[in-house]
Amino acid sequence: MSEKEFEEFKNNVREARKNRLYVKWRNADGVDCKSIGPASQCFCGHRFKDHNFDDIVGRKIDCRAKSSMRCKCRMFDYIPVFGSQDLKCLCKHSCTEHDPSGNRKCLRAGCKGCSGFTSKHHCNCGLTFDQHQTVFESREEREA
């Protein structure tokens, strides 16, 4: 890449990043509890940087992780992780043992009581995990 091409590339990327998606983990009261960054973990087990975060118009933030198997995640959904400790479902199985592609049912053989991942983990705001959602906003929506 020539010097001129590289400068043009940098300018294009800089302009594209001005209109980026702002991703937050928001509680039911409308309070932003967590700003999502590149290392934030998705329910599928991959990081935000492994997702298609440049789709500002369509907001289809699906997983593009390069692994031996194609990830089934269709949309980034933040899940809190504390060091090596991840959240457990009420069925007592890890979030990584649940289907990331929609219904979130437990994939563990013999687990019969799980109708989908749910946790009673409490955020610092006092509300449970289930009372939060991952929110995607453009710069204009954020400013409004």
# chains A, B, ... in the order shown; residues from 1 in each chain; ligands from 1
>>> residues_around(residues="A:Phe43", least_positions_apart="5", cutoff="12 Å", atoms="only C-alpha atoms", output="MDAnalysis selection string")
chainID A and resid 48 51 62:63 71:81 86:88 94:102 104 117:118 133:134
>>> write_last_selection(atoms="N, CA and C atoms", output="CSV table (one decimal), in the first residue's frame")
chain,number,residue,atom,x,y,z
A,48,PHE,N,-16.7,-8.9,22.3
A,48,PHE,CA,-17.3,-7.9,21.5
A,48,PHE,C,-16.5,-7.7,20.2
A,51,HIS,N,-17.2,-9.7,17.1
A,51,HIS,CA,-18.5,-9.6,16.5
A,51,HIS,C,-18.5,-8.5,15.4
A,62,ASP,N,-23.7,-9.9,14.6
A,62,ASP,CA,-23.5,-11.3,14.8
A,62,ASP,C,-22.0,-11.7,15.0
A,63,CYS,N,-21.8,-12.9,15.4
A,63,CYS,CA,-20.4,-13.3,15.8
A,63,CYS,C,-19.7,-13.7,14.5
A,71,CYS,N,-19.7,-20.1,15.0
A,71,CYS,CA,-20.5,-19.7,16.2
A,71,CYS,C,-22.0,-19.5,15.8
A,72,LYS,N,-22.9,-19.9,16.6
A,72,LYS,CA,-24.4,-19.7,16.3
A,72,LYS,C,-24.9,-18.4,16.7
A,73,CYS,N,-24.1,-17.6,17.4
A,73,CYS,CA,-24.6,-16.3,17.9
A,73,CYS,C,-25.1,-15.4,16.8
A,74,ARG,N,-26.3,-14.9,16.9
A,74,ARG,CA,-26.8,-14.0,15.9
A,74,ARG,C,-26.8,-12.5,16.3
A,75,MET,N,-26.6,-12.3,17.6
A,75,MET,CA,-26.6,-10.9,18.1
A,75,MET,C,-25.8,-10.8,19.4
A,76,PHE,N,-24.9,-9.9,19.5
A,76,PHE,CA,-24.1,-9.7,20.7
A,76,PHE,C,-25.1,-9.4,21.9
A,77,ASP,N,-24.9,-10.2,23.0
A,77,ASP,CA,-25.6,-10.0,24.2
A,77,ASP,C,-24.7,-10.1,25.4
A,78,TYR,N,-24.4,-9.0,26.0
A,78,TYR,CA,-23.5,-9.0,27.1
A,78,TYR,C,-23.8,-9.9,28.3
A,79,ILE,N,-22.8,-10.5,28.8
A,79,ILE,CA,-23.0,-11.3,30.0
A,79,ILE,C,-21.8,-11.0,31.0
A,80,PRO,N,-22.1,-10.6,32.2
A,80,PRO,CA,-21.0,-10.3,33.1
A,80,PRO,C,-20.2,-11.5,33.5
A,81,VAL,N,-18.9,-11.3,33.5
A,81,VAL,CA,-17.9,-12.3,33.9
A,81,VAL,C,-17.0,-11.7,34.9
A,86,ASP,N,-18.0,-17.3,35.6
A,86,ASP,CA,-19.1,-16.8,34.8
A,86,ASP,C,-20.4,-17.1,35.5
A,87,LEU,N,-21.5,-16.6,34.9
A,87,LEU,CA,-22.8,-16.7,35.5
A,87,LEU,C,-23.3,-18.1,35.4
A,88,LYS,N,-24.0,-18.5,36.4
A,88,LYS,CA,-24.7,-19.8,36.4
A,88,LYS,C,-26.2,-19.6,36.3
A,94,SER,N,-23.4,-23.5,33.7
A,94,SER,CA,-22.8,-22.3,33.2
A,94,SER,C,-23.5,-21.7,32.0
A,95,CYS,N,-23.3,-20.4,31.8
A,95,CYS,CA,-23.9,-19.7,30.6
A,95,CYS,C,-23.3,-20.3,29.3
A,96,THR,N,-22.1,-20.8,29.4
A,96,THR,CA,-21.5,-21.4,28.2
A,96,THR,C,-22.1,-22.8,27.9
A,97,GLU,N,-22.9,-23.3,28.7
A,97,GLU,CA,-23.6,-24.6,28.4
A,97,GLU,C,-25.0,-24.4,28.0
A,98,HIS,N,-25.3,-23.2,27.5
A,98,HIS,CA,-26.6,-22.9,27.0
A,98,HIS,C,-26.5,-22.4,25.5
A,99,ASP,N,-27.6,-22.7,24.8
A,99,ASP,CA,-27.6,-22.4,23.3
A,99,ASP,C,-27.6,-20.9,23.1
A,100,PRO,N,-26.6,-20.3,22.4
A,100,PRO,CA,-26.5,-18.8,22.2
A,100,PRO,C,-27.4,-18.3,21.1
A,101,SER,N,-28.0,-19.2,20.4
A,101,SER,CA,-28.7,-18.8,19.1
A,101,SER,C,-30.2,-18.5,19.3
A,102,GLY,N,-30.7,-18.3,20.5
A,102,GLY,CA,-32.1,-17.8,20.5
A,102,GLY,C,-32.8,-18.2,21.8
A,104,ARG,N,-31.9,-20.1,24.3
A,104,ARG,CA,-31.0,-20.2,25.4
A,104,ARG,C,-31.2,-21.4,26.3
A,117,PHE,N,-31.9,-19.8,29.8
A,117,PHE,CA,-31.0,-19.2,30.7
A,117,PHE,C,-31.6,-18.1,31.5
A,118,THR,N,-31.5,-18.2,32.8
A,118,THR,CA,-32.0,-17.1,33.7
A,118,THR,C,-31.1,-17.2,35.0
A,133,GLN,N,-30.7,-5.4,29.7
A,133,GLN,CA,-30.6,-5.7,28.3
A,133,GLN,C,-29.5,-5.0,27.7
A,134,THR,N,-28.9,-5.6,26.6
A,134,THR,CA,-27.9,-4.9,25.8
A,134,THR,C,-28.5,-4.0,24.8
>>> select_by_dssp(residues="stretch 9-118 of chain A", states="alpha helix (DSSP H)", output="number ranges by chain")
A: 9-18
>>> residues_around(residues="A:Leu21", least_positions_apart="3", cutoff="9 Å", atoms="only C-alpha atoms", output="PyMOL selection string")
chain A and resi 17+53-56+59+136-139
>>> write_last_selection(atoms="N, CA and C atoms", output="short mmCIF file (atom, residue, chain, number, x, y, z; two decimals), in the first residue's frame")
data_model
loop_
_atom_site.label_atom_id
_atom_site.label_comp_id
_atom_site.auth_asym_id
_atom_site.auth_seq_id
_atom_site.Cartn_x
_atom_site.Cartn_y
_atom_site.Cartn_z
N ARG A 17 -15.59 5.62 12.07
CA ARG A 17 -15.63 5.47 13.53
C ARG A 17 -16.36 6.61 14.22
N PHE A 53 -19.27 -5.48 14.59
CA PHE A 53 -19.72 -4.25 15.25
C PHE A 53 -19.79 -3.05 14.32
N ASP A 54 -19.46 -3.19 13.05
CA ASP A 54 -19.50 -2.08 12.10
C ASP A 54 -20.84 -1.93 11.38
N ASP A 55 -21.81 -2.79 11.65
CA ASP A 55 -23.11 -2.72 10.99
C ASP A 55 -24.00 -1.70 11.72
N ILE A 56 -23.78 -0.43 11.44
CA ILE A 56 -24.46 0.65 12.14
C ILE A 56 -25.91 0.76 11.70
N ARG A 59 -27.66 -3.03 12.31
CA ARG A 59 -27.45 -3.45 13.70
C ARG A 59 -27.55 -4.96 13.87
N PHE A 136 -28.10 -0.98 21.74
CA PHE A 136 -27.26 -0.43 20.69
C PHE A 136 -27.83 0.91 20.26
N GLU A 137 -26.99 1.95 20.27
CA GLU A 137 -27.44 3.29 19.89
C GLU A 137 -26.41 3.97 18.99
N SER A 138 -26.91 4.77 18.07
CA SER A 138 -26.02 5.58 17.23
C SER A 138 -25.67 6.83 18.02
N ARG A 139 -24.76 7.62 17.47
CA ARG A 139 -24.37 8.88 18.14
C ARG A 139 -25.58 9.79 18.32
#
>>> closest_residue(among="A:Ser119, A:Asn103, A:Arg108, A:Arg64", to="A:Leu90", atoms="only C-alpha atoms")
A:Ser119
>>> atom_distance(atom1="atom CA of A:Val135", atom2="atom CA of A:Ile61")
11.4 Å
>>> residues_around(residues="A:Pro38", least_positions_apart="4", cutoff="9 Å", atoms="only C-alpha atoms", output="short mmCIF file (atom, residue, chain, number, x, y, z; two decimals) with N, CA and C atoms, in the first residue's frame")
data_model
loop_
_atom_site.label_atom_id
_atom_site.label_comp_id
_atom_site.auth_asym_id
_atom_site.auth_seq_id
_atom_site.Cartn_x
_atom_site.Cartn_y
_atom_site.Cartn_z
N ARG A 47 -15.73 -12.40 22.55
CA ARG A 47 -15.66 -10.99 22.94
C ARG A 47 -16.38 -10.10 21.94
N PHE A 48 -16.66 -8.86 22.34
CA PHE A 48 -17.34 -7.90 21.45
C PHE A 48 -16.52 -7.68 20.19
N LYS A 49 -15.19 -7.65 20.32
CA LYS A 49 -14.33 -7.42 19.15
C LYS A 49 -14.41 -8.56 18.14
N ASP A 50 -14.95 -9.71 18.53
CA ASP A 50 -15.13 -10.85 17.62
C ASP A 50 -16.47 -10.80 16.89
#
